>>> print(open('upload13.pdb').read())   # PDB, C-alpha atoms
MODEL        1
ATOM      1  CA  MET U 301     -53.941 -11.162  52.662  1.00  0.00           C
ATOM      2  CA  LEU U 302     -53.760 -14.583  54.337  1.00  0.00           C
ATOM      3  CA  ILE U 303     -56.263 -16.982  52.718  1.00  0.00           C
ATOM      4  CA  VAL U 304     -58.351 -18.821  55.325  1.00  0.00           C
ATOM      5  CA  GLY U 305     -60.964 -20.447  53.098  1.00  0.00           C
ATOM      6  CA  ARG U 306     -62.723 -20.751  49.771  1.00  0.00           C
ATOM      7  CA  ILE U 307     -66.482 -20.648  49.353  1.00  0.00           C
ATOM      8  CA  GLY U 308     -67.933 -23.813  47.864  1.00  0.00           C
ATOM      9  CA  LYS U 309     -71.442 -24.791  46.913  1.00  0.00           C
ATOM     10  CA  PRO U 310     -74.616 -23.556  48.617  1.00  0.00           C
ATOM     11  CA  HIS U 311     -76.184 -25.682  51.340  1.00  0.00           C
ATOM     12  CA  GLY U 312     -79.948 -25.484  51.599  1.00  0.00           C
ATOM     13  CA  ILE U 313     -82.155 -22.569  50.533  1.00  0.00           C
ATOM     14  CA  ARG U 314     -81.340 -19.963  53.201  1.00  0.00           C
ATOM     15  CA  GLY U 315     -77.946 -18.767  51.969  1.00  0.00           C
ATOM     16  CA  GLU U 316     -75.555 -21.087  53.795  1.00  0.00           C
ATOM     17  CA  VAL U 317     -72.443 -22.156  51.892  1.00  0.00           C
ATOM     18  CA  THR U 318     -69.813 -24.819  52.319  1.00  0.00           C
ATOM     19  CA  VAL U 319     -66.321 -23.477  52.943  1.00  0.00           C
ATOM     20  CA  GLU U 320     -63.079 -25.253  52.099  1.00  0.00           C
ATOM     21  CA  VAL U 321     -61.134 -24.341  55.243  1.00  0.00           C
ATOM     22  CA  ARG U 322     -57.480 -23.328  54.766  1.00  0.00           C
ATOM     23  CA  THR U 323     -56.568 -22.391  58.316  1.00  0.00           C
ATOM     24  CA  ASP U 324     -55.509 -24.255  61.434  1.00  0.00           C
ATOM     25  CA  GLU U 325     -57.879 -22.095  63.504  1.00  0.00           C
ATOM     26  CA  PRO U 326     -61.314 -22.385  61.856  1.00  0.00           C
ATOM     27  CA  GLU U 327     -63.256 -21.710  65.064  1.00  0.00           C
ATOM     28  CA  ALA U 328     -61.448 -18.368  65.501  1.00  0.00           C
ATOM     29  CA  ARG U 329     -61.506 -17.309  61.827  1.00  0.00           C
ATOM     30  CA  PHE U 330     -65.159 -18.236  61.242  1.00  0.00           C
ATOM     31  CA  ALA U 331     -66.603 -17.007  64.560  1.00  0.00           C
ATOM     32  CA  PRO U 332     -69.884 -15.064  64.355  1.00  0.00           C
ATOM     33  CA  GLY U 333     -69.134 -11.386  63.783  1.00  0.00           C
ATOM     34  CA  ALA U 334     -65.741 -12.017  62.174  1.00  0.00           C
ATOM     35  CA  VAL U 335     -65.161  -9.961  59.031  1.00  0.00           C
ATOM     36  CA  LEU U 336     -63.326 -11.684  56.175  1.00  0.00           C
ATOM     37  CA  SER U 337     -61.880  -9.979  53.131  1.00  0.00           C
ATOM     38  CA  THR U 338     -62.558 -11.287  49.664  1.00  0.00           C
ATOM     39  CA  GLU U 339     -60.191 -11.118  46.725  1.00  0.00           C
ATOM     40  CA  PRO U 340     -60.024  -7.504  45.543  1.00  0.00           C
ATOM     41  CA  GLY U 341     -62.174  -7.161  42.441  1.00  0.00           C
ATOM     42  CA  ALA U 342     -63.291 -10.775  42.612  1.00  0.00           C
ATOM     43  CA  THR U 343     -66.079 -11.808  40.344  1.00  0.00           C
ATOM     44  CA  PRO U 344     -67.673 -15.183  40.840  1.00  0.00           C
ATOM     45  CA  ARG U 345     -67.541 -17.743  38.085  1.00  0.00           C
ATOM     46  CA  ALA U 346     -70.698 -18.256  36.105  1.00  0.00           C
ATOM     47  CA  ALA U 347     -72.986 -20.888  37.493  1.00  0.00           C
ATOM     48  CA  ALA U 348     -72.814 -24.165  35.600  1.00  0.00           C
ATOM     49  CA  PRO U 349     -75.987 -25.403  33.921  1.00  0.00           C
ATOM     50  CA  ARG U 350     -77.988 -27.757  36.083  1.00  0.00           C
ATOM     51  CA  ARG U 351     -78.864 -31.192  34.807  1.00  0.00           C
ATOM     52  CA  GLY U 352     -81.556 -30.871  32.163  1.00  0.00           C
ATOM     53  CA  GLU U 353     -81.192 -27.066  31.847  1.00  0.00           C
ATOM     54  CA  ALA U 354     -80.041 -25.488  28.613  1.00  0.00           C
ATOM     55  CA  GLU U 355     -78.729 -22.271  30.182  1.00  0.00           C
ATOM     56  CA  PRO U 356     -76.895 -21.423  33.412  1.00  0.00           C
ATOM     57  CA  ALA U 357     -78.929 -20.914  36.549  1.00  0.00           C
ATOM     58  CA  PRO U 358     -79.528 -17.211  37.291  1.00  0.00           C
ATOM     59  CA  THR U 359     -77.333 -15.345  39.757  1.00  0.00           C
ATOM     60  CA  VAL U 360     -79.387 -13.390  42.291  1.00  0.00           C
ATOM     61  CA  ASP U 361     -81.909 -11.942  39.781  1.00  0.00           C
ATOM     62  CA  PRO U 362     -82.217 -12.659  36.055  1.00  0.00           C
ATOM     63  CA  GLY U 363     -80.083 -10.200  34.099  1.00  0.00           C
ATOM     64  CA  VAL U 364     -78.373  -8.797  37.209  1.00  0.00           C
ATOM     65  CA  VAL U 365     -74.704  -9.590  37.735  1.00  0.00           C
ATOM     66  CA  TYR U 366     -73.820 -10.119  41.381  1.00  0.00           C
ATOM     67  CA  GLU U 367     -70.609  -8.420  42.483  1.00  0.00           C
ATOM     68  CA  VAL U 368     -68.755  -9.993  45.384  1.00  0.00           C
ATOM     69  CA  PRO U 369     -68.419  -7.455  48.211  1.00  0.00           C
ATOM     70  CA  GLY U 370     -64.936  -6.584  49.503  1.00  0.00           C
ATOM     71  CA  GLU U 371     -65.814  -7.978  52.929  1.00  0.00           C
ATOM     72  CA  LEU U 372     -68.195 -10.610  54.243  1.00  0.00           C
ATOM     73  CA  THR U 373     -69.318 -10.816  57.878  1.00  0.00           C
ATOM     74  CA  ILE U 374     -69.903 -14.225  59.465  1.00  0.00           C
ATOM     75  CA  GLU U 375     -73.439 -14.617  60.799  1.00  0.00           C
ATOM     76  CA  SER U 376     -73.018 -18.236  61.866  1.00  0.00           C
ATOM     77  CA  ALA U 377     -70.739 -21.196  61.250  1.00  0.00           C
ATOM     78  CA  ARG U 378     -71.066 -24.857  62.074  1.00  0.00           C
ATOM     79  CA  TRP U 379     -69.607 -28.227  61.160  1.00  0.00           C
ATOM     80  CA  HIS U 380     -71.816 -30.645  59.235  1.00  0.00           C
ATOM     81  CA  GLN U 381     -70.545 -34.066  58.130  1.00  0.00           C
ATOM     82  CA  GLY U 382     -66.946 -32.880  58.230  1.00  0.00           C
ATOM     83  CA  ARG U 383     -67.597 -29.673  56.276  1.00  0.00           C
ATOM     84  CA  MET U 384     -67.748 -26.100  57.497  1.00  0.00           C
ATOM     85  CA  LEU U 385     -71.110 -24.467  56.766  1.00  0.00           C
ATOM     86  CA  VAL U 386     -71.162 -20.666  56.961  1.00  0.00           C
ATOM     87  CA  ALA U 387     -73.938 -18.087  56.759  1.00  0.00           C
ATOM     88  CA  PHE U 388     -72.876 -14.529  55.867  1.00  0.00           C
ATOM     89  CA  GLU U 389     -74.813 -11.399  56.774  1.00  0.00           C
ATOM     90  CA  GLY U 390     -76.910 -10.265  53.809  1.00  0.00           C
ATOM     91  CA  VAL U 391     -76.735 -13.603  51.978  1.00  0.00           C
ATOM     92  CA  LEU U 392     -80.287 -14.785  52.449  1.00  0.00           C
ATOM     93  CA  ASP U 393     -80.997 -17.205  49.613  1.00  0.00           C
ATOM     94  CA  ARG U 394     -79.484 -19.992  47.570  1.00  0.00           C
ATOM     95  CA  GLU U 395     -79.028 -17.882  44.417  1.00  0.00           C
ATOM     96  CA  THR U 396     -76.899 -15.277  46.191  1.00  0.00           C
ATOM     97  CA  ALA U 397     -74.943 -18.062  47.904  1.00  0.00           C
ATOM     98  CA  GLU U 398     -74.345 -19.685  44.502  1.00  0.00           C
ATOM     99  CA  ALA U 399     -72.996 -16.372  43.170  1.00  0.00           C
ATOM    100  CA  LEU U 400     -70.304 -16.438  45.891  1.00  0.00           C
ATOM    101  CA  ARG U 401     -69.026 -19.887  44.862  1.00  0.00           C
ATOM    102  CA  GLY U 402     -65.250 -19.932  44.322  1.00  0.00           C
ATOM    103  CA  THR U 403     -64.580 -16.723  46.260  1.00  0.00           C
ATOM    104  CA  LEU U 404     -61.419 -16.776  48.381  1.00  0.00           C
ATOM    105  CA  LEU U 405     -61.730 -15.553  51.968  1.00  0.00           C
ATOM    106  CA  GLY U 406     -58.856 -13.974  53.861  1.00  0.00           C
ATOM    107  CA  VAL U 407     -57.662 -11.906  56.769  1.00  0.00           C
ATOM    108  CA  ASP U 408     -55.025  -9.182  56.900  1.00  0.00           C
ATOM    109  CA  SER U 409     -51.704 -11.011  57.327  1.00  0.00           C
ATOM    110  CA  ALA U 410     -50.448  -8.226  59.621  1.00  0.00           C
ATOM    111  CA  SER U 411     -53.161  -9.161  62.137  1.00  0.00           C
ATOM    112  CA  VAL U 412     -52.040 -12.795  62.310  1.00  0.00           C
ATOM    113  CA  ALA U 413     -49.629 -13.726  65.085  1.00  0.00           C
ATOM    114  CA  PRO U 414     -46.588 -15.723  63.986  1.00  0.00           C
ATOM    115  CA  PRO U 415     -46.797 -19.455  64.744  1.00  0.00           C
ATOM    116  CA  GLU U 416     -45.392 -20.588  68.098  1.00  0.00           C
ATOM    117  CA  ASP U 417     -43.641 -23.592  66.544  1.00  0.00           C
ATOM    118  CA  PRO U 418     -40.358 -22.498  64.876  1.00  0.00           C
ATOM    119  CA  GLU U 419     -40.887 -25.185  62.207  1.00  0.00           C
ATOM    120  CA  GLU U 420     -44.298 -23.802  61.201  1.00  0.00           C
ATOM    121  CA  PHE U 421     -44.828 -20.928  58.764  1.00  0.00           C
ATOM    122  CA  HIS U 422     -47.690 -18.956  57.270  1.00  0.00           C
ATOM    123  CA  ASP U 423     -47.862 -18.878  53.475  1.00  0.00           C
ATOM    124  CA  HIS U 424     -47.278 -15.113  53.346  1.00  0.00           C
ATOM    125  CA  GLN U 425     -43.988 -15.544  55.241  1.00  0.00           C
ATOM    126  CA  LEU U 426     -42.618 -17.870  52.546  1.00  0.00           C
ATOM    127  CA  VAL U 427     -43.864 -16.225  49.345  1.00  0.00           C
ATOM    128  CA  GLY U 428     -41.103 -14.137  47.770  1.00  0.00           C
ATOM    129  CA  LEU U 429     -38.211 -15.841  49.567  1.00  0.00           C
ATOM    130  CA  ALA U 430     -35.172 -16.782  47.475  1.00  0.00           C
ATOM    131  CA  VAL U 431     -34.685 -20.522  46.958  1.00  0.00           C
ATOM    132  CA  VAL U 432     -31.078 -21.733  47.073  1.00  0.00           C
ATOM    133  CA  THR U 433     -29.240 -25.040  47.257  1.00  0.00           C
ATOM    134  CA  PRO U 434     -27.042 -25.901  50.280  1.00  0.00           C
ATOM    135  CA  ALA U 435     -24.071 -24.786  48.119  1.00  0.00           C
ATOM    136  CA  GLY U 436     -25.705 -21.379  47.576  1.00  0.00           C
ATOM    137  CA  GLU U 437     -26.832 -21.829  43.951  1.00  0.00           C
ATOM    138  CA  HIS U 438     -29.864 -19.619  43.234  1.00  0.00           C
ATOM    139  CA  LEU U 439     -32.810 -21.714  41.971  1.00  0.00           C
ATOM    140  CA  GLY U 440     -35.519 -19.034  41.931  1.00  0.00           C
ATOM    141  CA  GLU U 441     -38.098 -17.771  44.413  1.00  0.00           C
ATOM    142  CA  VAL U 442     -41.192 -19.062  46.171  1.00  0.00           C
ATOM    143  CA  ALA U 443     -44.191 -17.972  44.075  1.00  0.00           C
ATOM    144  CA  LYS U 444     -46.891 -19.559  46.250  1.00  0.00           C
ATOM    145  CA  ILE U 445     -47.709 -22.539  48.444  1.00  0.00           C
ATOM    146  CA  ASP U 446     -49.957 -25.345  47.198  1.00  0.00           C
ATOM    147  CA  HIS U 447     -51.695 -27.293  49.953  1.00  0.00           C
ATOM    148  CA  ALA U 448     -51.836 -30.809  48.503  1.00  0.00           C
ATOM    149  CA  PRO U 449     -53.324 -33.770  50.376  1.00  0.00           C
ATOM    150  CA  ALA U 450     -49.972 -35.517  50.916  1.00  0.00           C
ATOM    151  CA  SER U 451     -47.877 -32.468  51.825  1.00  0.00           C
ATOM    152  CA  ASP U 452     -47.569 -28.767  51.195  1.00  0.00           C
ATOM    153  CA  LEU U 453     -45.692 -27.826  48.022  1.00  0.00           C
ATOM    154  CA  LEU U 454     -43.479 -24.809  47.424  1.00  0.00           C
ATOM    155  CA  VAL U 455     -44.174 -23.483  43.939  1.00  0.00           C
ATOM    156  CA  LEU U 456     -40.759 -22.375  42.692  1.00  0.00           C
ATOM    157  CA  ARG U 457     -40.621 -19.610  40.072  1.00  0.00           C
ATOM    158  CA  ARG U 458     -37.520 -20.379  37.983  1.00  0.00           C
ATOM    159  CA  PRO U 459     -35.300 -17.478  36.807  1.00  0.00           C
ATOM    160  CA  GLN U 460     -35.278 -18.828  33.234  1.00  0.00           C
ATOM    161  CA  GLY U 461     -39.085 -19.079  33.269  1.00  0.00           C
ATOM    162  CA  GLY U 462     -41.414 -21.840  34.261  1.00  0.00           C
ATOM    163  CA  SER U 463     -42.008 -23.331  37.659  1.00  0.00           C
ATOM    164  CA  ALA U 464     -41.293 -26.411  39.743  1.00  0.00           C
ATOM    165  CA  LEU U 465     -43.041 -28.044  42.691  1.00  0.00           C
ATOM    166  CA  ILE U 466     -40.970 -28.840  45.773  1.00  0.00           C
ATOM    167  CA  PRO U 467     -42.442 -30.917  48.611  1.00  0.00           C
ATOM    168  CA  PHE U 468     -42.204 -28.823  51.785  1.00  0.00           C
ATOM    169  CA  VAL U 469     -40.713 -31.588  53.944  1.00  0.00           C
ATOM    170  CA  LYS U 470     -37.608 -31.449  56.164  1.00  0.00           C
ATOM    171  CA  ALA U 471     -35.688 -33.965  54.005  1.00  0.00           C
ATOM    172  CA  ILE U 472     -35.904 -31.666  50.949  1.00  0.00           C
ATOM    173  CA  VAL U 473     -36.224 -28.258  52.648  1.00  0.00           C
ATOM    174  CA  PRO U 474     -33.751 -28.445  55.536  1.00  0.00           C
ATOM    175  CA  GLU U 475     -33.721 -24.712  56.338  1.00  0.00           C
ATOM    176  CA  VAL U 476     -36.063 -21.732  56.192  1.00  0.00           C
ATOM    177  CA  ASP U 477     -34.251 -18.488  56.999  1.00  0.00           C
ATOM    178  CA  LEU U 478     -36.913 -15.781  57.255  1.00  0.00           C
ATOM    179  CA  ALA U 479     -34.430 -13.160  58.490  1.00  0.00           C
ATOM    180  CA  GLY U 480     -32.064 -13.927  55.601  1.00  0.00           C
ATOM    181  CA  GLY U 481     -34.931 -14.046  53.084  1.00  0.00           C
ATOM    182  CA  ARG U 482     -34.161 -17.524  51.792  1.00  0.00           C
ATOM    183  CA  VAL U 483     -35.225 -21.153  51.734  1.00  0.00           C
ATOM    184  CA  VAL U 484     -32.535 -23.822  51.418  1.00  0.00           C
ATOM    185  CA  VAL U 485     -33.611 -26.701  49.201  1.00  0.00           C
ATOM    186  CA  ASP U 486     -31.712 -29.974  48.719  1.00  0.00           C
ATOM    187  CA  PRO U 487     -33.705 -31.556  45.892  1.00  0.00           C
ATOM    188  CA  PRO U 488     -33.206 -35.158  44.833  1.00  0.00           C
ATOM    189  CA  ALA U 489     -31.818 -35.610  41.326  1.00  0.00           C
ATOM    190  CA  GLY U 490     -34.406 -34.830  38.663  1.00  0.00           C
ATOM    191  CA  LEU U 491     -36.976 -33.127  40.930  1.00  0.00           C
ATOM    192  CA  LEU U 492     -36.545 -29.729  39.288  1.00  0.00           C
ATOM    193  CA  ASP U 493     -36.612 -31.253  35.799  1.00  0.00           C
ATOM    194  CA  LEU U 494     -40.227 -32.442  36.086  1.00  0.00           C
TER     195      LEU U 494
ENDMDL
END
>>> encode(input="upload13.pdb", output="structure tokens")
Amino acid sequence: MLIVGRIGKPHGIRGEVTVEVRTDEPEARFAPGAVLSTEPGATPRAAAPRRGEAEPAPTVDPGVVYEVPGELTIESARWHQGRMLVAFEGVLDRETAEALRGTLLGVDSASVAPPEDPEEFHDHQLVGLAVVTPAGEHLGEVAKIDHAPASDLLVLRRPQGGSALIPFVKAIVPEVDLAGGRVVVDPPAGLLDL
């Protein structure tokens, strides 16, 4: 599954939610009628208490646990003050929208065309690739990609345990060989010791 967004807080009282967009094509991914997958078996986090309340706000109905459906269909989407606002079919009120908070949204990675730019990659293409130095020393494998504000980060799973963050920039990652199943990394001294 290719993650295209994460549901944030509700907006208004009619079930709209903010979405943290994680795709370069938000207008295509969040078009009305588009069906997005949710994390298999996802359960939303409990709602935090509101200011002045002693207990968490109810989810959907008091005493009823809301289960995130396996798929959500876009009813409408629009930009508002730099944020994507989305309404899903069947999500008609603020309480149900609140229950969806934190849910990851995705599409089947097989249905996504590869990028046209040879220097651009989808996360699912990189995860699982071996990470080696220019001399061929095995450093581990790509566990996931973190999308930080400054640059994307390869999360390296080390063979001896633990992980390391590698900025996904040309100076440090000079080669990505999808066919060979590897990423060549030339880290500056000390980067992998952090």
>>> closest_residue(input="upload13.pdb", among="U:Gly315, U:Gly390, U:Gly490, U:Pro369", to="Leu405 of chain U", atoms="all atoms listed in the file")
U:Pro369
>>> atom_distance(input="upload13.pdb", atom1="atom CA of Arg322 of chain U", atom2="atom CA of His447 of chain U")
8.5 Å
>>> closest_residue(input="upload13.pdb", among="U:Glu316, U:Asp408, U:Glu475, U:Glu420", to="His380 of chain U", atoms="all atoms listed in the file")
U:Glu316
>>> resolve_selection(input="upload13.pdb", expression="the PyMOL selection byres ((chain U and resi 431) around 7)", output="number ranges by chain")
U: 429-430, 432, 438-442, 482-485
>>> resolve_selection(input="upload13.pdb", expression="the PyMOL selection byres ((chain U and resi 449-451) around 7)", output="JSON, numbers by chain")
{"U": [447, 448, 452, 453, 467, 468]}
>>> atom_distance(input="upload13.pdb", atom1="atom CA of Asp423 of chain U", atom2="atom CA of Val476 of chain U")
12.4 Å
>>> axis_aligned_box(input="upload13.pdb", around="segment 310-325 of chain U", padding_each_side="5 Å", output="AutoDock Vina command-line options")
--center_x -68.8 --center_y -22.2 --center_z 56.1 --size_x 36.6 --size_y 16.9 --size_z 24.9
>>> atom_distance(input="upload13.pdb", atom1="atom CA of Lys309 of chain U", atom2="atom CA of Ser411 of chain U")
28.5 Å
>>> resolve_selection(input="upload13.pdb", expression="the PyMOL selection byres ((chain U and resi 323) around 8)", output="list of chain:residue names")
U:Ile303, U:Val304, U:Gly305, U:Val321, U:Arg322, U:Asp324, U:Glu325, U:Pro326, U:Arg329
>>> build_atoms(input="upload13.pdb", residues="segment 451-467 of chain U", atoms="N, CA and C atoms", output="compact mmCIF listing (two decimals), in the coordinates of the input")
# COMPACT_ATOMS: atom_id res chain seq x y z
N SER U 451 -48.73 -33.44 51.14
CA SER U 451 -47.88 -32.47 51.82
C SER U 451 -48.02 -31.12 51.14
N ASP U 452 -47.58 -30.08 51.82
CA ASP U 452 -47.57 -28.77 51.20
C ASP U 452 -46.47 -28.74 50.15
N LEU U 453 -46.66 -27.95 49.10
CA LEU U 453 -45.69 -27.83 48.02
C LEU U 453 -45.28 -26.38 47.85
N LEU U 454 -43.97 -26.13 47.78
CA LEU U 454 -43.48 -24.81 47.42
C LEU U 454 -43.53 -24.73 45.90
N VAL U 455 -44.17 -23.69 45.38
CA VAL U 455 -44.17 -23.48 43.94
C VAL U 455 -43.01 -22.55 43.64
N LEU U 456 -41.99 -23.10 42.98
CA LEU U 456 -40.76 -22.38 42.69
C LEU U 456 -40.88 -21.68 41.34
N ARG U 457 -40.68 -20.36 41.32
CA ARG U 457 -40.62 -19.61 40.07
C ARG U 457 -39.17 -19.61 39.62
N ARG U 458 -38.89 -20.24 38.48
CA ARG U 458 -37.52 -20.38 37.98
C ARG U 458 -37.06 -19.10 37.30
N PRO U 459 -35.79 -18.71 37.44
CA PRO U 459 -35.30 -17.48 36.81
C PRO U 459 -35.37 -17.53 35.28
N GLN U 460 -35.23 -18.71 34.68
CA GLN U 460 -35.28 -18.83 33.23
C GLN U 460 -36.71 -19.02 32.72
N GLY U 461 -37.68 -18.89 33.62
CA GLY U 461 -39.08 -19.08 33.27
C GLY U 461 -39.56 -20.45 33.70
N GLY U 462 -40.83 -20.57 33.83
CA GLY U 462 -41.41 -21.84 34.26
C GLY U 462 -41.44 -21.97 35.77
N SER U 463 -41.90 -23.11 36.22
CA SER U 463 -42.01 -23.33 37.66
C SER U 463 -41.70 -24.79 37.97
N ALA U 464 -41.53 -25.05 39.26
CA ALA U 464 -41.29 -26.41 39.74
C ALA U 464 -41.98 -26.55 41.09
N LEU U 465 -42.40 -27.75 41.41
CA LEU U 465 -43.04 -28.04 42.69
C LEU U 465 -42.05 -28.77 43.59
N ILE U 466 -41.90 -28.25 44.82
CA ILE U 466 -40.97 -28.84 45.77
C ILE U 466 -41.75 -29.23 47.03
N PRO U 467 -41.76 -30.52 47.37
CA PRO U 467 -42.44 -30.92 48.61
C PRO U 467 -41.82 -30.21 49.81
